[in-house]
>>> print(open('final_22.cif').read())   # mmCIF, C-alpha atoms and all ligand atoms
data_upload
loop_
_atom_site.label_atom_id
_atom_site.label_comp_id
_atom_site.auth_asym_id
_atom_site.auth_seq_id
_atom_site.Cartn_x
_atom_site.Cartn_y
_atom_site.Cartn_z
CA MET A 319 105.16 -103.05 76.28
CA SER A 320 108.04 -101.30 77.96
CA ASP A 321 109.81 -103.32 80.59
CA ASP A 322 111.53 -100.49 82.38
CA HIS A 323 108.79 -98.89 84.46
CA ARG A 324 109.81 -98.48 88.08
CA VAL A 325 106.57 -98.27 90.03
CA LEU A 326 105.99 -97.77 93.75
CA LEU A 327 102.55 -98.63 95.13
CA LEU A 328 101.79 -97.08 98.50
CA GLY A 329 98.65 -97.51 100.55
CA PRO A 330 97.37 -98.80 103.85
CA PRO A 331 96.94 -102.50 104.61
CA GLY A 332 94.14 -103.85 102.44
CA ALA A 333 94.18 -101.01 99.89
CA GLY A 334 94.82 -103.54 97.11
CA LYS A 335 98.57 -103.18 96.62
CA GLY A 336 99.11 -106.90 96.12
CA THR A 337 96.10 -107.22 93.82
CA GLN A 338 97.20 -104.33 91.61
CA SER A 339 100.92 -105.20 91.67
CA ASP A 340 100.20 -108.55 90.08
CA ARG A 341 98.11 -106.93 87.37
CA LEU A 342 100.63 -104.21 86.61
CA ALA A 343 103.41 -106.78 86.48
CA ALA A 344 101.45 -108.86 83.96
CA GLU A 345 100.51 -105.83 81.85
CA TYR A 346 103.98 -104.32 81.61
CA GLY A 347 106.29 -107.30 82.13
CA LEU A 348 107.55 -106.12 85.51
CA ASP A 349 108.88 -107.95 88.54
CA VAL A 350 106.85 -107.65 91.74
CA ILE A 351 109.05 -106.83 94.71
CA THR A 352 106.98 -107.40 97.84
CA THR A 353 108.55 -107.41 101.25
CA GLY A 354 105.35 -108.83 102.77
CA ASP A 355 105.50 -112.06 100.73
CA ALA A 356 109.27 -112.34 101.10
CA LEU A 357 108.94 -112.03 104.88
CA ARG A 358 106.00 -114.46 105.03
CA ASN A 359 108.19 -117.02 103.24
CA ASN A 360 110.85 -116.47 105.90
CA LYS A 361 108.75 -115.99 109.03
CA GLN A 362 110.88 -118.42 111.03
CA MET A 363 114.26 -117.14 109.83
CA ASP A 364 116.71 -116.80 112.72
CA ILE A 365 117.59 -113.11 113.12
CA SER A 366 118.70 -113.43 116.74
CA ASP A 367 122.26 -112.42 115.86
CA LEU A 368 121.00 -108.90 115.08
CA GLY A 369 120.28 -108.37 118.77
CA LEU A 370 116.74 -107.08 118.17
CA GLU A 371 113.59 -107.37 120.24
CA TYR A 372 112.42 -110.66 118.67
CA ASP A 373 114.31 -113.56 117.08
CA THR A 374 112.21 -114.11 113.91
CA PRO A 375 110.33 -111.89 111.41
CA GLY A 376 107.10 -113.74 112.22
CA GLU A 377 107.05 -112.46 115.78
CA TYR A 378 106.85 -108.89 114.49
CA MET A 379 104.38 -109.70 111.72
CA ASP A 380 101.85 -111.56 113.86
CA ARG A 381 101.74 -108.53 116.16
CA GLY A 382 101.20 -106.17 113.23
CA GLU A 383 104.53 -104.43 113.87
CA LEU A 384 107.20 -103.56 111.31
CA VAL A 385 110.08 -105.98 110.86
CA PRO A 386 113.36 -104.13 111.52
CA ASP A 387 114.96 -102.24 108.64
CA ALA A 388 118.16 -104.30 108.65
CA VAL A 389 116.17 -107.37 107.61
CA VAL A 390 113.86 -105.65 105.15
CA ASN A 391 116.45 -103.51 103.36
CA GLU A 392 118.47 -106.63 102.64
CA ILE A 393 115.49 -108.25 100.89
CA VAL A 394 114.86 -105.20 98.75
CA VAL A 395 118.42 -104.59 97.69
CA SER A 396 118.86 -108.13 96.39
CA ALA A 397 115.49 -108.06 94.58
CA LEU A 398 116.31 -104.72 92.95
CA ALA A 399 119.60 -106.11 91.70
CA ASP A 400 117.68 -108.73 89.69
CA ALA A 401 114.95 -106.46 88.30
CA ASP A 402 114.84 -104.03 85.38
CA GLY A 403 111.28 -102.83 85.64
CA PHE A 404 109.47 -103.48 88.91
CA VAL A 405 106.44 -102.82 91.07
CA LEU A 406 107.42 -102.27 94.66
CA ASP A 407 104.67 -103.31 97.13
CA GLY A 408 104.99 -102.90 100.89
CA TYR A 409 108.26 -100.99 100.93
CA PRO A 410 109.26 -98.35 102.00
CA ARG A 411 107.21 -98.29 105.17
CA ASN A 412 109.09 -95.70 107.19
CA LEU A 413 111.26 -92.68 106.41
CA ASP A 414 114.54 -94.53 106.94
CA GLN A 415 113.49 -97.13 104.37
CA ALA A 416 112.49 -94.35 101.94
CA GLU A 417 115.92 -92.80 102.36
CA TYR A 418 117.61 -96.14 101.80
CA LEU A 419 115.52 -96.79 98.68
CA SER A 420 116.44 -93.42 97.20
CA GLU A 421 120.10 -94.47 97.43
CA GLN A 422 119.36 -97.70 95.51
CA THR A 423 117.11 -96.65 92.63
CA ALA A 424 115.05 -93.92 91.03
CA LEU A 425 111.28 -94.30 90.59
CA ASP A 426 109.09 -93.43 87.59
CA TYR A 427 105.69 -93.58 89.31
CA VAL A 428 104.65 -93.30 92.94
CA PHE A 429 100.97 -94.18 93.44
CA LEU A 430 98.93 -93.97 96.62
CA LEU A 431 95.85 -96.21 96.72
CA GLU A 432 93.17 -94.57 98.86
CA VAL A 433 90.42 -96.57 100.56
CA PRO A 434 88.30 -95.60 103.61
CA GLU A 435 89.25 -97.34 106.86
CA ALA A 436 85.96 -99.24 107.33
CA GLU A 437 86.39 -100.85 103.93
CA LEU A 438 90.01 -101.75 104.70
CA ILE A 439 88.87 -103.70 107.75
CA ASP A 440 86.21 -105.54 105.71
CA ARG A 441 88.69 -106.36 102.98
CA LEU A 442 91.34 -107.72 105.33
CA THR A 443 89.16 -109.72 107.69
CA GLY A 444 87.47 -111.35 104.64
CA ARG A 445 90.67 -112.08 102.75
CA ARG A 446 91.57 -115.75 102.16
CA VAL A 447 94.85 -116.93 100.65
CA CYS A 448 95.69 -120.24 98.99
CA ALA A 449 98.14 -122.19 101.17
CA ALA A 450 99.57 -123.82 98.03
CA CYS A 451 99.94 -121.05 95.42
CA GLY A 452 99.33 -117.80 97.31
CA GLU A 453 96.37 -116.66 95.18
CA THR A 454 94.23 -114.14 97.08
CA PHE A 455 90.41 -114.26 97.38
CA HIS A 456 87.78 -112.47 99.43
CA VAL A 457 84.80 -114.21 100.97
CA ASP A 458 82.40 -111.51 99.68
CA PHE A 459 84.24 -109.37 97.10
CA ASP A 460 86.12 -112.08 95.21
CA PRO A 461 84.81 -115.46 96.36
CA PRO A 462 86.22 -118.73 95.05
CA GLU A 463 83.83 -121.01 93.16
CA GLU A 464 83.80 -123.43 96.08
CA PRO A 465 84.19 -121.94 99.60
CA GLY A 466 87.61 -122.63 101.11
CA VAL A 467 89.08 -124.06 97.88
CA CYS A 468 91.48 -122.32 95.48
CA ASP A 469 90.16 -121.89 91.93
CA VAL A 470 93.66 -122.22 90.51
CA ASP A 471 94.91 -125.47 92.02
CA GLY A 472 92.34 -126.74 94.52
CA GLY A 473 94.58 -125.75 97.45
CA GLU A 474 93.17 -124.93 100.88
CA LEU A 475 92.25 -121.29 101.49
CA VAL A 476 93.45 -119.96 104.83
CA GLN A 477 93.28 -116.67 106.72
CA ARG A 478 96.57 -114.81 107.25
CA GLU A 479 97.52 -114.74 110.92
CA ASP A 480 97.64 -110.93 110.88
CA ASP A 481 94.17 -110.58 109.32
CA THR A 482 92.22 -110.81 112.58
CA GLU A 483 90.34 -107.62 113.39
CA GLU A 484 92.56 -106.84 116.39
CA THR A 485 95.80 -107.16 114.43
CA VAL A 486 94.35 -105.30 111.44
CA ARG A 487 93.64 -102.34 113.75
CA GLU A 488 97.23 -102.44 115.01
CA ARG A 489 98.54 -102.55 111.42
CA LEU A 490 96.44 -99.50 110.54
CA ARG A 491 97.82 -97.71 113.60
CA VAL A 492 101.39 -98.57 112.58
CA TYR A 493 100.61 -97.34 109.06
CA GLU A 494 99.47 -93.96 110.39
CA ASP A 495 102.53 -93.61 112.64
CA GLU A 496 105.27 -94.92 110.38
CA THR A 497 104.10 -95.00 106.77
CA ALA A 498 101.92 -91.88 106.46
CA PRO A 499 105.13 -89.79 106.77
CA VAL A 500 106.50 -91.69 103.75
CA VAL A 501 103.41 -90.65 101.79
CA ASP A 502 104.00 -87.04 102.84
CA HIS A 503 107.66 -87.35 101.83
CA TYR A 504 106.72 -88.19 98.22
CA ARG A 505 103.86 -85.68 98.20
CA GLU A 506 106.24 -82.89 99.23
CA ARG A 507 108.51 -83.86 96.32
CA ASP A 508 105.54 -83.59 93.92
CA VAL A 509 105.86 -87.16 92.70
CA LEU A 510 102.85 -88.68 94.47
CA VAL A 511 99.82 -89.58 92.36
CA GLU A 512 96.73 -90.30 94.46
CA VAL A 513 94.42 -92.91 92.98
CA SER A 514 91.10 -94.05 94.38
CA GLY A 515 91.30 -97.69 95.48
CA GLU A 516 87.50 -97.99 95.63
CA GLY A 517 85.33 -99.84 93.13
CA THR A 518 86.24 -103.16 91.58
CA PRO A 519 89.84 -104.30 91.05
CA ASP A 520 89.27 -103.67 87.32
CA ASP A 521 88.21 -100.08 88.04
CA VAL A 522 91.34 -99.47 90.11
CA PHE A 523 93.58 -101.09 87.52
CA ASP A 524 92.12 -98.90 84.76
CA ARG A 525 92.91 -95.80 86.82
CA LEU A 526 96.52 -96.88 87.30
CA VAL A 527 97.01 -97.75 83.63
CA SER A 528 95.55 -94.45 82.50
CA GLN A 529 98.04 -92.62 84.73
CA ILE A 530 100.93 -94.60 83.28
CA GLU A 531 99.78 -94.09 79.70
CA SER A 532 99.03 -90.38 80.08
P1 LIG B 1 102.22 -106.84 103.78
O1 LIG B 1 102.06 -108.23 103.31
O2 LIG B 1 102.92 -105.86 102.92
O3 LIG B 1 100.79 -106.34 104.20
P2 LIG B 1 100.04 -104.94 104.08
O4 LIG B 1 100.80 -103.76 103.63
O5 LIG B 1 99.41 -104.83 105.39
O6 LIG B 1 99.16 -105.13 102.86
P3 LIG B 1 98.20 -106.30 102.58
O7 LIG B 1 98.90 -107.40 101.86
O8 LIG B 1 97.47 -106.70 103.81
O9 LIG B 1 97.15 -105.57 101.66
P4 LIG B 1 97.18 -105.16 100.14
O10 LIG B 1 97.15 -103.68 100.05
O11 LIG B 1 98.25 -105.88 99.39
O12 LIG B 1 95.74 -105.69 99.71
P5 LIG B 1 95.31 -106.95 98.82
O13 LIG B 1 95.53 -106.67 97.38
O14 LIG B 1 95.81 -108.25 99.36
O15 LIG B 1 102.99 -106.81 105.19
C1 LIG B 1 102.68 -107.71 106.22
C2 LIG B 1 103.64 -107.52 107.39
O16 LIG B 1 104.98 -107.76 106.96
C3 LIG B 1 103.68 -106.12 108.00
O17 LIG B 1 102.68 -105.92 108.95
C4 LIG B 1 105.11 -106.10 108.61
O18 LIG B 1 105.14 -106.83 109.80
C5 LIG B 1 105.90 -106.87 107.57
N1 LIG B 1 106.49 -105.98 106.56
C6 LIG B 1 106.19 -105.97 105.22
N2 LIG B 1 106.91 -105.03 104.59
C7 LIG B 1 107.67 -104.41 105.54
C8 LIG B 1 108.60 -103.34 105.50
N3 LIG B 1 108.89 -102.69 104.36
N4 LIG B 1 109.17 -102.97 106.66
C9 LIG B 1 108.90 -103.61 107.80
N5 LIG B 1 108.03 -104.61 107.92
C10 LIG B 1 107.42 -105.02 106.78
O19 LIG B 1 93.72 -106.89 99.06
C11 LIG B 1 93.17 -107.15 100.37
C12 LIG B 1 91.83 -107.90 100.22
O20 LIG B 1 90.89 -107.05 99.54
C13 LIG B 1 91.91 -109.18 99.38
O21 LIG B 1 91.05 -110.15 99.94
C14 LIG B 1 91.41 -108.75 97.99
O22 LIG B 1 90.75 -109.81 97.33
C15 LIG B 1 90.42 -107.63 98.34
N6 LIG B 1 90.42 -106.57 97.33
C16 LIG B 1 91.45 -106.06 96.64
N7 LIG B 1 91.05 -105.05 95.81
C17 LIG B 1 89.70 -104.93 96.02
C18 LIG B 1 88.69 -104.06 95.49
N8 LIG B 1 88.99 -103.13 94.57
N9 LIG B 1 87.43 -104.20 95.95
C19 LIG B 1 87.12 -105.15 96.87
N10 LIG B 1 88.03 -106.00 97.42
C20 LIG B 1 89.29 -105.89 96.99
ZN ZN B 2 96.06 -122.06 94.83
#
>>> encode(input="final_22.cif", output="structure tokens", more="lines below")
Ligand code: AP5
Ligand code: ZN
Amino acid sequence: MSDDHRVLLLGPPGAGKGTQSDRLAAEYGLDVITTGDALRNNKQMDISDLGLEYDTPGEYMDRGELVPDAVVNEIVVSALADADGFVLDGYPRNLDQAEYLSEQTALDYVFLLEVPEAELIDRLTGRRVCAACGETFHVDFDPPEEPGVCDVDGGELVQREDDTEETVRERLRVYEDETAPVVDHYRERDVLVEVSGEGTPDDVFDRLVSQIES
């Protein structure tokens, strides 16, 4: 298939952005650009020279707060330089990031995954991630064959530090304050396509594909 789709997936924490990004990337031969994973791989990076509130990305992340734009923009610009087609997951998360992105690239599709808040909390608090390969599971909605063990490589499944109920609520609050205006920004420009994120991952994927193919 075409390798030049430029897709942005928006949605609150737990809406299924990571799940669907991987599927879209496989279907269309795209790169996944995810600031969340990039930051998790660099949680202890020393950013003290930027003179910000905290000295590492992890200190922001474990509180459910946004990592400062200077750090995040840098990640995105270098990933974009290496990608033809891409799925962008987790960026932009505030209006300044959206502005910066518009200076770097155009977008072909902007999707918003919509899921009710109670379900978001269930999805996030039940999420488990393989410490070895990063594969995502859910204790109820997508359980591994053996509890606590990755189906792919037998790695240990762990809970993300920001997936406790308290931090999930803070992340949802930050989403409303900082990222909902980004959604409005694309809606006002008539490029936002709202897609239900409810049902199974297959259901959601079919909705996204039918939008791309239509
Ligand atoms: P990030 O990693 O981007 O987290 P998030 O946006 O909060 O999104 P999640 O990864 O939690 O959810 P998701 O929508 O990908 O859902 P998933 O598919 O995994 O960011 C983490 C932190 O990094 C931020 O808080 C911030 O500190 C920092 N950061 C990142 N980007 C930044 C930026 N641009 N600027 C500043 N700071 C930034 O699914 C969730 C669960 O549900 C899984 O268990 C899955 O199995 C299950 N599931 C998925 N789909 C379904 C379905 N259809 N039905 C049932 N269960 C499902
Ligand atoms: Zn694994």
>>> atom_distance(input="final_22.cif", atom1="atom CA of A:Tyr427", atom2="atom CA of A:Val325")
4.8 Å
>>> residues_near_point(input="final_22.cif", point="(108.1, -109.5, 112.9)", cutoff="12 Å", atoms="all atoms listed in the file", output="ChimeraX atom specification")
/A:353-354,357-358,360-366,370-387,389-390,479-480,489
>>> residues_near_ligand(input="final_22.cif", ligand="ligand LIG 1 (chain B)", cutoff="7 Å", atoms="all atoms listed in the file", output="VMD selection string")
chain A and resid 329 to 338 352 to 355 357 378 to 379 382 to 387 390 407 to 411 441 to 442 444 to 446 454 to 456 459 to 460 489 515 to 519 522
>>> closest_residue(input="final_22.cif", among="A:Glu437, A:Leu510, A:Gln477, A:Val447", to="ligand ZN 2 (chain B)", atoms="all atoms listed in the file")
A:Val447
>>> residues_around(input="final_22.cif", residues="A:Cys448", least_positions_apart="2", cutoff="6 Å", atoms="all atoms listed in the file", output="short mmCIF file (atom, residue, chain, number, x, y, z; two decimals) with C-alpha atoms, in the coordinates of the input")
data_model
loop_
_atom_site.label_atom_id
_atom_site.label_comp_id
_atom_site.auth_asym_id
_atom_site.auth_seq_id
_atom_site.Cartn_x
_atom_site.Cartn_y
_atom_site.Cartn_z
CA ALA A 450 99.57 -123.82 98.03
CA CYS A 451 99.94 -121.05 95.42
CA GLY A 452 99.33 -117.80 97.31
CA GLU A 453 96.37 -116.66 95.18
CA CYS A 468 91.48 -122.32 95.48
CA GLY A 473 94.58 -125.75 97.45
CA GLU A 474 93.17 -124.93 100.88
CA LEU A 475 92.25 -121.29 101.49
#
>>> closest_residue(input="final_22.cif", among="A:Ala344, A:Leu431, A:Leu490, A:Val350", to="A:Asp400", atoms="all atoms listed in the file")
A:Val350
>>> residues_around(input="final_22.cif", residues="A:Ala397", least_positions_apart="5", cutoff="10 Å", atoms="all atoms listed in the file", output="PyMOL selection string")
chain A and resi 349-353+356+391-392+404+406
>>> closest_residue(input="final_22.cif", among="A:Ser339, A:Ser514, A:Thr497, A:Ser528", to="A:Val405", atoms="only C-alpha atoms")
A:Ser339
>>> closest_residue(input="final_22.cif", among="A:Val511, A:Asp471, A:Arg487, A:Arg505", to="ligand ZN 2 (chain B)", atoms="all atoms listed in the file")
A:Asp471
>>> atom_distance(input="final_22.cif", atom1="atom CA of A:Glu417", atom2="atom CA of A:Glu488")
24.5 Å
>>> build_atoms(input="final_22.cif", residues="stretch 420-431 of chain A", atoms="N, CA, C and O atoms", output="JSON list (two decimals), keeping the file's coordinate frame")
[["chain", "number", "residue", "atom", "x", "y", "z"],
["A", 420, "SER", "N", 116.02, -94.49, 98.12],
["A", 420, "SER", "CA", 116.44, -93.42, 97.20],
["A", 420, "SER", "C", 117.93, -93.55, 96.86],
["A", 420, "SER", "O", 118.37, -93.09, 95.82],
["A", 421, "GLU", "N", 118.68, -94.23, 97.73],
["A", 421, "GLU", "CA", 120.10, -94.47, 97.43],
["A", 421, "GLU", "C", 120.29, -95.65, 96.47],
["A", 421, "GLU", "O", 121.36, -95.81, 95.89],
["A", 422, "GLN", "N", 119.23, -96.48, 96.33],
["A", 422, "GLN", "CA", 119.36, -97.70, 95.51],
["A", 422, "GLN", "C", 118.82, -97.53, 94.10],
["A", 422, "GLN", "O", 119.32, -98.15, 93.18],
["A", 423, "THR", "N", 117.75, -96.74, 93.95],
["A", 423, "THR", "CA", 117.11, -96.65, 92.63],
["A", 423, "THR", "C", 116.28, -95.38, 92.53],
["A", 423, "THR", "O", 115.84, -94.83, 93.55],
["A", 424, "ALA", "N", 116.04, -94.96, 91.29],
["A", 424, "ALA", "CA", 115.05, -93.92, 91.03],
["A", 424, "ALA", "C", 113.70, -94.59, 90.79],
["A", 424, "ALA", "O", 113.63, -95.81, 90.59],
["A", 425, "LEU", "N", 112.63, -93.79, 90.81],
["A", 425, "LEU", "CA", 111.28, -94.30, 90.59],
["A", 425, "LEU", "C", 110.63, -93.49, 89.48],
["A", 425, "LEU", "O", 110.85, -92.28, 89.38],
["A", 426, "ASP", "N", 109.81, -94.15, 88.65],
["A", 426, "ASP", "CA", 109.09, -93.43, 87.59],
["A", 426, "ASP", "C", 107.69, -93.03, 88.02],
["A", 426, "ASP", "O", 107.17, -92.02, 87.57],
["A", 427, "TYR", "N", 107.06, -93.86, 88.86],
["A", 427, "TYR", "CA", 105.69, -93.58, 89.31],
["A", 427, "TYR", "C", 105.57, -93.92, 90.78],
["A", 427, "TYR", "O", 106.02, -94.99, 91.20],
["A", 428, "VAL", "N", 104.96, -93.03, 91.53],
["A", 428, "VAL", "CA", 104.65, -93.30, 92.94],
["A", 428, "VAL", "C", 103.14, -93.12, 93.10],
["A", 428, "VAL", "O", 102.63, -91.99, 93.00],
["A", 429, "PHE", "N", 102.43, -94.22, 93.30],
["A", 429, "PHE", "CA", 100.97, -94.18, 93.44],
["A", 429, "PHE", "C", 100.57, -94.43, 94.89],
["A", 429, "PHE", "O", 101.15, -95.28, 95.56],
["A", 430, "LEU", "N", 99.55, -93.71, 95.32],
["A", 430, "LEU", "CA", 98.93, -93.97, 96.62],
["A", 430, "LEU", "C", 97.51, -94.46, 96.37],
["A", 430, "LEU", "O", 96.70, -93.74, 95.78],
["A", 431, "LEU", "N", 97.20, -95.67, 96.82],
["A", 431, "LEU", "CA", 95.85, -96.21, 96.72],
["A", 431, "LEU", "C", 95.07, -95.79, 97.95],
["A", 431, "LEU", "O", 95.47, -96.12, 99.08]]
